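Colleague: So that you have it, the file is model.cif, and it contains mmCIF, C-alpha atoms and all ligand atoms:
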```cif
data_start
loop_
_atom_site.group_PDB
_atom_site.id
_atom_site.type_symbol
_atom_site.label_atom_id
_atom_site.label_comp_id
_atom_site.auth_asym_id
_atom_site.auth_seq_id
_atom_site.Cartn_x
_atom_site.Cartn_y
_atom_site.Cartn_z
ATOM 1 C CA MET A 1230 27.192 14.609 19.697
ATOM 2 C CA LYS A 1231 23.990 13.645 21.516
ATOM 3 C CA LEU A 1232 20.550 13.183 20.030
ATOM 4 C CA PRO A 1233 17.327 12.507 21.925
ATOM 5 C CA LEU A 1234 16.947 9.073 20.360
ATOM 6 C CA PRO A 1235 13.438 7.615 20.633
ATOM 7 C CA ARG A 1236 13.050 3.835 20.411
ATOM 8 C CA TRP A 1237 10.707 3.972 17.437
ATOM 9 C CA PHE A 1238 11.113 5.504 14.014
ATOM 10 C CA ALA A 1239 8.237 5.575 11.550
ATOM 11 C CA HIS A 1240 9.813 4.067 8.430
ATOM 12 C CA ARG A 1241 9.455 5.915 5.104
ATOM 13 C CA GLY A 1242 7.309 8.559 6.781
ATOM 14 C CA GLY A 1243 4.104 6.797 7.752
ATOM 15 C CA GLY A 1244 5.150 3.182 7.326
ATOM 16 C CA SER A 1245 2.507 1.086 5.614
ATOM 17 C CA LEU A 1246 -0.436 3.166 6.864
ATOM 18 C CA ALA A 1247 0.047 6.020 4.395
ATOM 19 C CA PRO A 1248 1.667 6.496 0.981
ATOM 20 C CA GLU A 1249 5.396 6.114 1.686
ATOM 21 C CA ASN A 1250 7.701 9.126 1.844
ATOM 22 C CA THR A 1251 4.840 11.646 1.813
ATOM 23 C CA LEU A 1252 3.837 14.554 4.027
ATOM 24 C CA ALA A 1253 0.605 12.695 4.838
ATOM 25 C CA GLY A 1254 2.687 9.829 6.184
ATOM 26 C CA ILE A 1255 4.804 12.118 8.341
ATOM 27 C CA ARG A 1256 1.688 13.840 9.704
ATOM 28 C CA LEU A 1257 0.131 10.478 10.504
ATOM 29 C CA ALA A 1258 3.236 9.312 12.351
ATOM 30 C CA ALA A 1259 3.185 12.438 14.505
ATOM 31 C CA ARG A 1260 -0.557 12.065 15.168
ATOM 32 C CA MET A 1261 0.022 8.487 16.296
ATOM 33 C CA GLY A 1262 2.589 9.609 18.842
ATOM 34 C CA TYR A 1263 5.806 8.936 16.963
ATOM 35 C CA ARG A 1264 8.611 11.349 17.747
ATOM 36 C CA ALA A 1265 10.950 10.183 14.994
ATOM 37 C CA VAL A 1266 10.617 9.421 11.301
ATOM 38 C CA GLU A 1267 12.905 8.077 8.606
ATOM 39 C CA PHE A 1268 12.594 9.040 4.955
ATOM 40 C CA ASP A 1269 14.640 8.652 1.774
ATOM 41 C CA VAL A 1270 15.975 11.540 -0.315
ATOM 42 C CA MET A 1271 17.066 11.435 -3.977
ATOM 43 C CA LEU A 1272 17.672 14.103 -6.640
ATOM 44 C CA SER A 1273 15.409 14.955 -9.561
ATOM 45 C CA ALA A 1274 16.834 15.683 -13.026
ATOM 46 C CA ASP A 1275 16.951 19.351 -11.952
ATOM 47 C CA GLY A 1276 18.965 18.452 -8.867
ATOM 48 C CA THR A 1277 16.087 19.049 -6.446
ATOM 49 C CA PRO A 1278 16.087 16.785 -3.386
ATOM 50 C CA VAL A 1279 12.828 14.844 -3.206
ATOM 51 C CA LEU A 1280 11.446 12.179 -0.878
ATOM 52 C CA ILE A 1281 11.346 8.867 -2.734
ATOM 53 C CA HIS A 1282 12.758 5.397 -2.207
ATOM 54 C CA ASP A 1283 13.128 3.779 -5.625
ATOM 55 C CA GLU A 1284 15.274 5.035 -8.504
ATOM 56 C CA THR A 1285 12.219 4.589 -10.714
ATOM 57 C CA LEU A 1286 8.751 6.071 -10.393
ATOM 58 C CA GLU A 1287 6.499 3.120 -11.181
ATOM 59 C CA ARG A 1288 6.051 1.472 -7.773
ATOM 60 C CA THR A 1289 5.069 4.498 -5.710
ATOM 61 C CA THR A 1290 3.690 7.017 -8.219
ATOM 62 C CA ASN A 1291 1.607 7.213 -11.389
ATOM 63 C CA GLY A 1292 4.725 8.276 -13.318
ATOM 64 C CA ARG A 1293 7.170 6.285 -15.389
ATOM 65 C CA GLY A 1294 10.937 6.284 -15.736
ATOM 66 C CA ARG A 1295 13.898 7.278 -13.611
ATOM 67 C CA VAL A 1296 13.705 9.919 -10.882
ATOM 68 C CA SER A 1297 17.140 11.230 -11.913
ATOM 69 C CA GLU A 1298 15.868 11.802 -15.482
ATOM 70 C CA THR A 1299 12.562 13.413 -14.521
ATOM 71 C CA PRO A 1300 12.382 17.225 -14.377
ATOM 72 C CA ASP A 1301 10.674 18.972 -11.479
ATOM 73 C CA ALA A 1302 7.838 20.170 -13.713
ATOM 74 C CA VAL A 1303 6.828 16.546 -14.251
ATOM 75 C CA LEU A 1304 7.935 15.047 -10.935
ATOM 76 C CA PHE A 1305 5.982 17.361 -8.671
ATOM 77 C CA GLY A 1306 2.785 16.901 -10.680
ATOM 78 C CA LEU A 1307 2.723 13.149 -10.022
ATOM 79 C CA ASP A 1308 0.429 11.352 -7.605
ATOM 80 C CA ALA A 1309 2.396 9.501 -4.926
ATOM 81 C CA GLY A 1310 -0.770 7.786 -3.618
ATOM 82 C CA GLY A 1311 -4.099 9.088 -2.354
ATOM 83 C CA GLY A 1312 -3.601 12.376 -4.180
ATOM 84 C CA GLU A 1313 -0.379 13.092 -2.279
ATOM 85 C CA ARG A 1314 2.460 14.786 -4.161
ATOM 86 C CA LEU A 1315 6.104 13.814 -3.869
ATOM 87 C CA PRO A 1316 7.454 16.145 -1.187
ATOM 88 C CA ARG A 1317 10.451 18.349 -1.817
ATOM 89 C CA TYR A 1318 13.028 17.863 0.936
ATOM 90 C CA VAL A 1319 12.537 21.495 1.967
ATOM 91 C CA GLU A 1320 8.802 20.874 2.534
ATOM 92 C CA ALA A 1321 9.413 17.745 4.570
ATOM 93 C CA VAL A 1322 11.928 19.527 6.790
ATOM 94 C CA ALA A 1323 9.538 22.407 7.392
ATOM 95 C CA LEU A 1324 6.815 19.972 8.455
ATOM 96 C CA CYS A 1325 9.114 17.926 10.686
ATOM 97 C CA ARG A 1326 10.439 21.052 12.365
ATOM 98 C CA GLN A 1327 6.890 22.264 12.940
ATOM 99 C CA LEU A 1328 5.982 18.882 14.461
ATOM 100 C CA GLY A 1329 9.200 18.676 16.493
ATOM 101 C CA LEU A 1330 10.148 15.319 14.985
ATOM 102 C CA LEU A 1331 13.606 13.834 14.960
ATOM 103 C CA VAL A 1332 14.358 12.922 11.353
ATOM 104 C CA ASN A 1333 16.648 10.254 10.018
ATOM 105 C CA VAL A 1334 17.318 11.503 6.496
ATOM 106 C CA GLU A 1335 18.497 8.577 4.435
ATOM 107 C CA ILE A 1336 20.591 9.932 1.562
ATOM 108 C CA LYS A 1337 19.491 7.618 -1.236
ATOM 109 C CA PRO A 1338 21.503 8.513 -4.326
ATOM 110 C CA ALA A 1339 20.566 7.065 -7.677
ATOM 111 C CA ALA A 1340 23.538 5.087 -9.012
ATOM 112 C CA GLY A 1341 26.195 7.486 -10.271
ATOM 113 C CA PHE A 1342 24.788 10.463 -8.325
ATOM 114 C CA GLU A 1343 26.371 9.738 -4.953
ATOM 115 C CA VAL A 1344 28.508 12.880 -4.787
ATOM 116 C CA LEU A 1345 25.932 15.348 -6.068
ATOM 117 C CA THR A 1346 23.157 13.909 -3.896
ATOM 118 C CA ALA A 1347 25.267 13.970 -0.754
ATOM 119 C CA GLU A 1348 26.521 17.497 -1.437
ATOM 120 C CA THR A 1349 23.002 18.764 -2.009
ATOM 121 C CA VAL A 1350 21.450 17.038 0.993
ATOM 122 C CA ALA A 1351 24.313 17.962 3.317
ATOM 123 C CA ARG A 1352 24.354 21.628 2.293
ATOM 124 C CA SER A 1353 20.591 21.997 2.398
ATOM 125 C CA SER A 1354 20.361 20.195 5.747
ATOM 126 C CA VAL A 1355 22.703 22.729 7.328
ATOM 127 C CA GLU A 1356 20.517 25.541 5.998
ATOM 128 C CA LEU A 1357 17.133 23.990 6.657
ATOM 129 C CA TRP A 1358 17.809 22.926 10.237
ATOM 130 C CA ARG A 1359 19.691 26.035 11.296
ATOM 131 C CA GLY A 1360 18.613 26.949 14.803
ATOM 132 C CA ALA A 1361 16.398 23.882 15.244
ATOM 133 C CA GLU A 1362 16.296 22.346 18.686
ATOM 134 C CA VAL A 1363 16.052 18.815 17.281
ATOM 135 C CA GLN A 1364 18.770 18.257 14.696
ATOM 136 C CA PRO A 1365 18.525 15.476 12.083
ATOM 137 C CA LEU A 1366 20.506 12.308 11.644
ATOM 138 C CA LEU A 1367 21.916 11.734 8.137
ATOM 139 C CA SER A 1368 22.458 8.141 7.040
ATOM 140 C CA SER A 1369 23.320 6.324 3.838
ATOM 141 C CA PHE A 1370 24.333 2.975 2.425
ATOM 142 C CA SER A 1371 26.883 5.003 0.433
ATOM 143 C CA ILE A 1372 30.140 5.547 2.311
ATOM 144 C CA ALA A 1373 31.081 8.215 -0.255
ATOM 145 C CA ALA A 1374 27.891 10.089 0.605
ATOM 146 C CA LEU A 1375 28.644 9.939 4.333
ATOM 147 C CA GLU A 1376 32.185 11.229 3.802
ATOM 148 C CA ILE A 1377 30.722 14.231 2.031
ATOM 149 C CA ALA A 1378 28.152 14.724 4.789
ATOM 150 C CA ARG A 1379 30.961 14.636 7.360
ATOM 151 C CA ASP A 1380 32.925 17.271 5.463
ATOM 152 C CA LEU A 1381 30.070 19.612 4.504
ATOM 153 C CA ALA A 1382 27.791 19.192 7.516
ATOM 154 C CA PRO A 1383 30.133 18.261 10.368
ATOM 155 C CA GLY A 1384 27.674 19.484 12.989
ATOM 156 C CA ILE A 1385 24.962 17.041 11.904
ATOM 157 C CA ALA A 1386 25.101 13.468 13.184
ATOM 158 C CA ARG A 1387 25.750 10.603 10.768
ATOM 159 C CA GLY A 1388 24.479 7.040 10.797
ATOM 160 C CA LEU A 1389 26.457 4.342 9.030
ATOM 161 C CA LEU A 1390 23.927 2.143 7.223
ATOM 162 C CA TYR A 1391 24.368 -1.462 6.148
ATOM 163 C CA GLU A 1392 22.190 -4.346 5.182
ATOM 164 C CA GLN A 1393 24.711 -6.826 6.588
ATOM 165 C CA VAL A 1394 27.320 -5.263 8.856
ATOM 166 C CA PRO A 1395 30.843 -6.064 7.551
ATOM 167 C CA ALA A 1396 33.712 -7.091 9.823
ATOM 168 C CA ASP A 1397 35.521 -3.752 9.367
ATOM 169 C CA TRP A 1398 32.508 -1.561 10.178
ATOM 170 C CA ALA A 1399 34.045 -0.041 13.314
ATOM 171 C CA ALA A 1400 37.034 1.362 11.392
ATOM 172 C CA THR A 1401 34.669 2.888 8.835
ATOM 173 C CA ALA A 1402 32.538 4.346 11.621
ATOM 174 C CA GLY A 1403 35.701 5.864 13.104
ATOM 175 C CA CYS A 1404 36.712 7.474 9.780
ATOM 176 C CA LEU A 1405 33.230 8.872 9.333
ATOM 177 C CA GLN A 1406 32.962 9.943 12.979
ATOM 178 C CA ALA A 1407 29.574 8.235 12.901
ATOM 179 C CA PHE A 1408 27.060 8.761 15.670
ATOM 180 C CA SER A 1409 25.161 5.507 15.079
ATOM 181 C CA LEU A 1410 25.137 2.181 13.272
ATOM 182 C CA HIS A 1411 22.017 1.279 11.254
ATOM 183 C CA CYS A 1412 21.465 -2.229 9.913
ATOM 184 C CA ALA A 1413 18.924 -4.833 8.942
ATOM 185 C CA ALA A 1414 17.423 -6.435 12.038
ATOM 186 C CA LYS A 1415 17.766 -9.843 10.460
ATOM 187 C CA GLY A 1416 21.262 -11.101 11.083
ATOM 188 C CA VAL A 1417 22.599 -8.443 13.448
ATOM 189 C CA SER A 1418 25.134 -10.337 15.543
ATOM 190 C CA ASP A 1419 25.899 -10.164 19.248
ATOM 191 C CA ALA A 1420 29.513 -9.430 18.320
ATOM 192 C CA VAL A 1421 28.494 -6.302 16.407
ATOM 193 C CA LEU A 1422 26.212 -5.196 19.251
ATOM 194 C CA ALA A 1423 29.028 -5.672 21.755
ATOM 195 C CA GLU A 1424 31.476 -3.696 19.611
ATOM 196 C CA ALA A 1425 28.958 -0.894 19.191
ATOM 197 C CA GLN A 1426 28.272 -0.821 22.921
ATOM 198 C CA ALA A 1427 32.006 -0.611 23.642
ATOM 199 C CA MET A 1428 32.158 2.392 21.286
ATOM 200 C CA ASP A 1429 29.076 3.924 22.952
ATOM 201 C CA MET A 1430 27.397 3.871 19.558
ATOM 202 C CA PRO A 1431 23.642 3.318 19.329
ATOM 203 C CA VAL A 1432 22.451 0.596 16.939
ATOM 204 C CA LEU A 1433 19.233 1.180 14.975
ATOM 205 C CA CYS A 1434 17.589 -1.752 13.175
ATOM 206 C CA TYR A 1435 15.229 -1.899 10.193
ATOM 207 C CA THR A 1436 12.538 -2.963 9.445
ATOM 208 C CA VAL A 1437 10.832 -4.320 12.556
ATOM 209 C CA ASN A 1438 7.146 -5.095 12.194
ATOM 210 C CA ALA A 1439 6.649 -7.715 14.913
ATOM 211 C CA PRO A 1440 6.423 -6.902 18.636
ATOM 212 C CA ALA A 1441 8.278 -10.050 19.680
ATOM 213 C CA GLN A 1442 11.179 -9.172 17.389
ATOM 214 C CA ALA A 1443 11.276 -5.622 18.756
ATOM 215 C CA ALA A 1444 11.330 -6.901 22.343
ATOM 216 C CA THR A 1445 14.163 -9.301 21.555
ATOM 217 C CA LEU A 1446 16.213 -6.606 19.825
ATOM 218 C CA PHE A 1447 15.776 -4.138 22.683
ATOM 219 C CA GLY A 1448 16.735 -6.919 25.109
ATOM 220 C CA ARG A 1449 19.942 -7.444 23.130
ATOM 221 C CA GLY A 1450 20.849 -3.775 23.386
ATOM 222 C CA VAL A 1451 19.468 -2.326 20.153
ATOM 223 C CA ALA A 1452 18.668 1.342 20.772
ATOM 224 C CA ALA A 1453 15.881 1.925 18.236
ATOM 225 C CA VAL A 1454 13.965 0.298 15.413
ATOM 226 C CA PHE A 1455 12.346 1.452 12.186
ATOM 227 C CA THR A 1456 8.819 0.156 11.700
ATOM 228 C CA ASP A 1457 6.189 0.101 8.967
ATOM 229 C CA ARG A 1458 3.550 -1.076 11.463
ATOM 230 C CA LEU A 1459 2.841 2.220 13.159
ATOM 231 C CA ASP A 1460 -0.368 0.783 14.578
ATOM 232 C CA LEU A 1461 1.426 -1.927 16.583
ATOM 233 C CA PHE A 1462 3.575 0.465 18.556
ATOM 234 C CA SER A 1463 1.486 3.602 18.844
ATOM 235 C CA PRO A 1464 0.249 4.481 22.346
ATOM 236 C CA GLU A 1465 -3.100 5.143 20.661
ATOM 237 C CA THR A 1466 -3.524 1.713 19.143
ATOM 238 C CA SER A 1467 -0.933 -0.729 20.496
ATOM 239 C CA PRO A 1468 -2.306 -3.826 22.238
ATOM 240 C CA TYR A 1469 1.206 -4.560 23.490
ATOM 241 C CA LYS A 1470 1.465 -3.069 26.937
ATOM 242 C CA GLY A 1471 4.961 -2.015 27.773
ATOM 243 C CA LEU A 1472 6.055 -2.270 24.158
ATOM 244 C CA HIS A 1473 4.929 0.959 22.693
ATOM 245 C CA LEU A 1474 6.072 4.506 22.294
ATOM 246 C CA PRO A 1475 6.625 6.305 25.554
ATOM 247 C CA GLY A 1476 3.540 8.374 26.347
HETATM 248 O O1 LIG B 1501 17.311 3.624 6.762
HETATM 249 C C1 LIG B 1501 16.774 2.392 7.106
HETATM 250 C C2 LIG B 1501 16.036 1.755 5.959
HETATM 251 O O2 LIG B 1501 15.141 2.686 5.433
HETATM 252 C C3 LIG B 1501 16.952 1.253 4.883
HETATM 253 O O3 LIG B 1501 16.276 0.530 3.900
HETATM 254 O O4 LIG B 1501 15.439 0.270 1.614
HETATM 255 O O5 LIG B 1501 13.879 0.944 3.423
HETATM 256 O O6 LIG B 1501 15.561 2.558 2.578
HETATM 257 P P1 LIG B 1501 15.248 1.116 2.843
HETATM 258 MG MG MG B 1502 15.231 4.218 3.946
#
```
Starting from the coordinates I provided, produce the structure as structure tokens.
Ligand code: G3P
Ligand code: MG

Modeller:
Amino acid sequence: MKLPLPRWFAHRGGGSLAPENTLAGIRLAARMGYRAVEFDVMLSADGTPVLIHDETLERTTNGRGRVSETPDAVLFGLDAGGGERLPRYVEAVALCRQLGLLVNVEIKPAAGFEVLTAETVARSSVELWRGAEVQPLLSSFSIAALEIARDLAPGIARGLLYEQVPADWAATAGCLQAFSLHCAAKGVSDAVLAEAQAMDMPVLCYTVNAPAQAATLFGRGVAAVFTDRLDLFSPETSPYKGLHLPG
């Protein structure tokens, strides 16, 4: 499975320049020249997939309590920053398809909802991206979620996501038939990069907000990075010649 993998992914939609995981953030990323975005998807109490990072509402919205216990009627009335609403997954996909963005959908189940979240995101991804030229990349810290994605959406690429890559990652990647390995930039070892290269598996690192760190990672063979600092790497605004999005 091949994907047109850009070097730069706008993290959580618009990084730190817009309310995270919102349509405004995704639009901003596209306006700034980004061709790929990452966002997080969780289920509401009604089982609706919604873009949000935390299991609780307090940090990124004016709501209170757990996302998994909040019904849609409340959830979609909340302010996610600057008057933005929490996007339904279906809305985010429609926008990304319209903008021609590659999307890394991070399946972010609330604890205990791994199976239901993965089933919902996998099934809806198949439907929502049917016929799209640019297909998404599904990733998760949850191996159980990726197994479900493999079984229910075999035609959509999967990224195995770790904070620290464990010694047995390659066997897990094999079982999951993973397309890519995603991990924290801090601590990614040369041994892991060499193993991934031998398996022809791209490595994507988060979260990279310093140009020198990005340059070093690319020099070591990392294929792409997730950034919150959209301004540093945009062709519109980057002062770092040669270290920005391709024009
Ligand atoms: O998918 C990469 C990255 O987003 C994982 O960390 O906590 O920002 O979702 P987090
Ligand atoms: Mg994420």

Colleague: Per residue of chain A within 6 Å of ligand MG 1502 (chain B), what are the shortest atom pair and its distance in Å to one decimal, counting only C-alpha atoms and all ligand atoms, with rows by chain and residue number, as a Markdown table?

Modeller:
```
| residue | atom | partner | partner_atom | distance |
| --- | --- | --- | --- | --- |
| A:Phe1268 | CA | B:MG1502 | MG | 5.6 |
| A:Asp1269 | CA | B:MG1502 | MG | 5.0 |
| A:Glu1335 | CA | B:MG1502 | MG | 5.5 |
```

Colleague: As JSON, please: the centre and edge lengths in Å, to one decimal, of an axis-aligned box enclosing every listed atom of ligand LIG 1501 (chain B) with 4 Å added on each side.

Modeller:
```
{"center_x": 15.6, "center_y": 1.9, "center_z": 4.4, "size_x": 11.4, "size_y": 11.4, "size_z": 13.5}
```

Colleague: List all protein, DNA and RNA residues that have an atom no more than 10 Å from any atom of ligand LIG 1501 (chain B), counting only C-alpha atoms and all ligand atoms, and report them as JSON, numbers by chain.

Modeller: {"A": [1238, 1239, 1240, 1241, 1242, 1244, 1266, 1267, 1268, 1269, 1270, 1281, 1282, 1283, 1333, 1334, 1335, 1336, 1337, 1367, 1368, 1369, 1370, 1388, 1389, 1390, 1391, 1392, 1411, 1412, 1413, 1433, 1434, 1435, 1436, 1454, 1455, 1456, 1457]}

Colleague: Within 12 Å of Ala1423 (chain A), counting all atoms listed in the file, which residues show up once you throw out same-chain ones fewer than 4 positions away? Write them as a ChimeraX atom specification, please.

Modeller: /A:1399,1417-1419,1427-1432,1449-1451

Colleague: Could those residues be written to a file, using C-alpha atoms, as a PDB file, keeping the file's coordinate frame?

Modeller:
```
ATOM      1  CA  ALA A1399      34.045  -0.041  13.314  1.00  0.00           C
ATOM      2  CA  VAL A1417      22.599  -8.443  13.448  1.00  0.00           C
ATOM      3  CA  SER A1418      25.134 -10.337  15.543  1.00  0.00           C
ATOM      4  CA  ASP A1419      25.899 -10.164  19.248  1.00  0.00           C
ATOM      5  CA  ALA A1427      32.006  -0.611  23.642  1.00  0.00           C
ATOM      6  CA  MET A1428      32.158   2.392  21.286  1.00  0.00           C
ATOM      7  CA  ASP A1429      29.076   3.924  22.952  1.00  0.00           C
ATOM      8  CA  MET A1430      27.397   3.871  19.558  1.00  0.00           C
ATOM      9  CA  PRO A1431      23.642   3.318  19.329  1.00  0.00           C
ATOM     10  CA  VAL A1432      22.451   0.596  16.939  1.00  0.00           C
ATOM     11  CA  ARG A1449      19.942  -7.444  23.130  1.00  0.00           C
ATOM     12  CA  GLY A1450      20.849  -3.775  23.386  1.00  0.00           C
ATOM     13  CA  VAL A1451      19.468  -2.326  20.153  1.00  0.00           C
TER      14      VAL A1451
END
```

Colleague: When you count only C-alpha atoms, which of these residues is closest to Ala1339 (chain A): A:Phe1462, A:Gly1360, A:Glu1298, A:Phe1305?

Modeller: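 The closest residue to Ala1339 (chain A) is A:Glu1298.
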
Colleague: Give as an MDAnalysis selection string the set of residues within 12 Å of the point (29.4, 9.2, 4.8), where distances use the file's coordinates and only C-alpha atoms.

Modeller: chainID A and resid 1335:1337 1343:1344 1346:1348 1350:1351 1366:1383 1385:1391 1401:1410

Colleague: Going by the chain IDs and residue numbers used in this file, which residues fall under the PyMOL selection byres (((chain A and resi 1364) around 12) and not hetatm)? Write them as JSON, numbers by chain.

Modeller: {"A": [1230, 1231, 1232, 1233, 1234, 1265, 1322, 1325, 1326, 1329, 1330, 1331, 1332, 1333, 1334, 1354, 1355, 1356, 1357, 1358, 1359, 1360, 1361, 1362, 1363, 1365, 1366, 1367, 1382, 1384, 1385, 1386, 1387]}

Colleague: Looking at A:Leu1246, A:Val1279, A:Ala1302, A:Met1261, which one is nearest to Ser1353 (chain A), with distances taken over only C-alpha atoms?

Modeller: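 Of A:Leu1246, A:Val1279, A:Ala1302, A:Met1261, the one nearest Ser1353 (chain A), counting only C-alpha atoms, is A:Val1279.
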
Colleague: If you count only C-alpha atoms, which residues fall within 10 Å of Gly1310 (chain A), apart from same-chain ones fewer than 3 positions away, as a list in words?

Modeller: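 The residues that qualify are Ala1247, Pro1248, Glu1249, Thr1251, Ala1253, Thr1289, Thr1290, Asn1291, Leu1307, Glu1313, Arg1314 and Leu1315 of chain A.
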
Colleague: Give me, please, the distance in Å between CA of Pro1440 (chain A) and CA of Arg1458 (chain A), quoted to one decimal.

Modeller: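 Answer for the CA of Pro1440 (chain A) to CA of Arg1458 (chain A) separation: 9.7 Å.
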
Colleague: Measuring between all atoms listed in the file, which one of A:Thr1466, A:Ser1273, A:Gln1393, A:Asn1438 shows the shortest distance to Leu1345 (chain A)?

Modeller: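 With all atoms listed in the file as the atom set, the closest residue is A:Ser1273.
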
Colleague: Quick one: pull the distance between CA of Leu1446 (chain A) and CA of Pro1338 (chain A), Å, one decimal.

Modeller: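 These two atoms are separated by 29.0 Å.
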
Colleague: Go through A:Ala1396, A:Leu1324, A:Ala1452, A:Ala1420 and flag the residue nearest Ile1255 (chain A), using only C-alpha atoms for the distances.

Modeller: A:Leu1324

Colleague: CA of Leu1252 (chain A) and CA of Pro1316 (chain A), how far apart in Å?

Modeller: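 Taking CA of Pro1316 (chain A) and CA of Leu1252 (chain A), their separation equals 6.5 Å.
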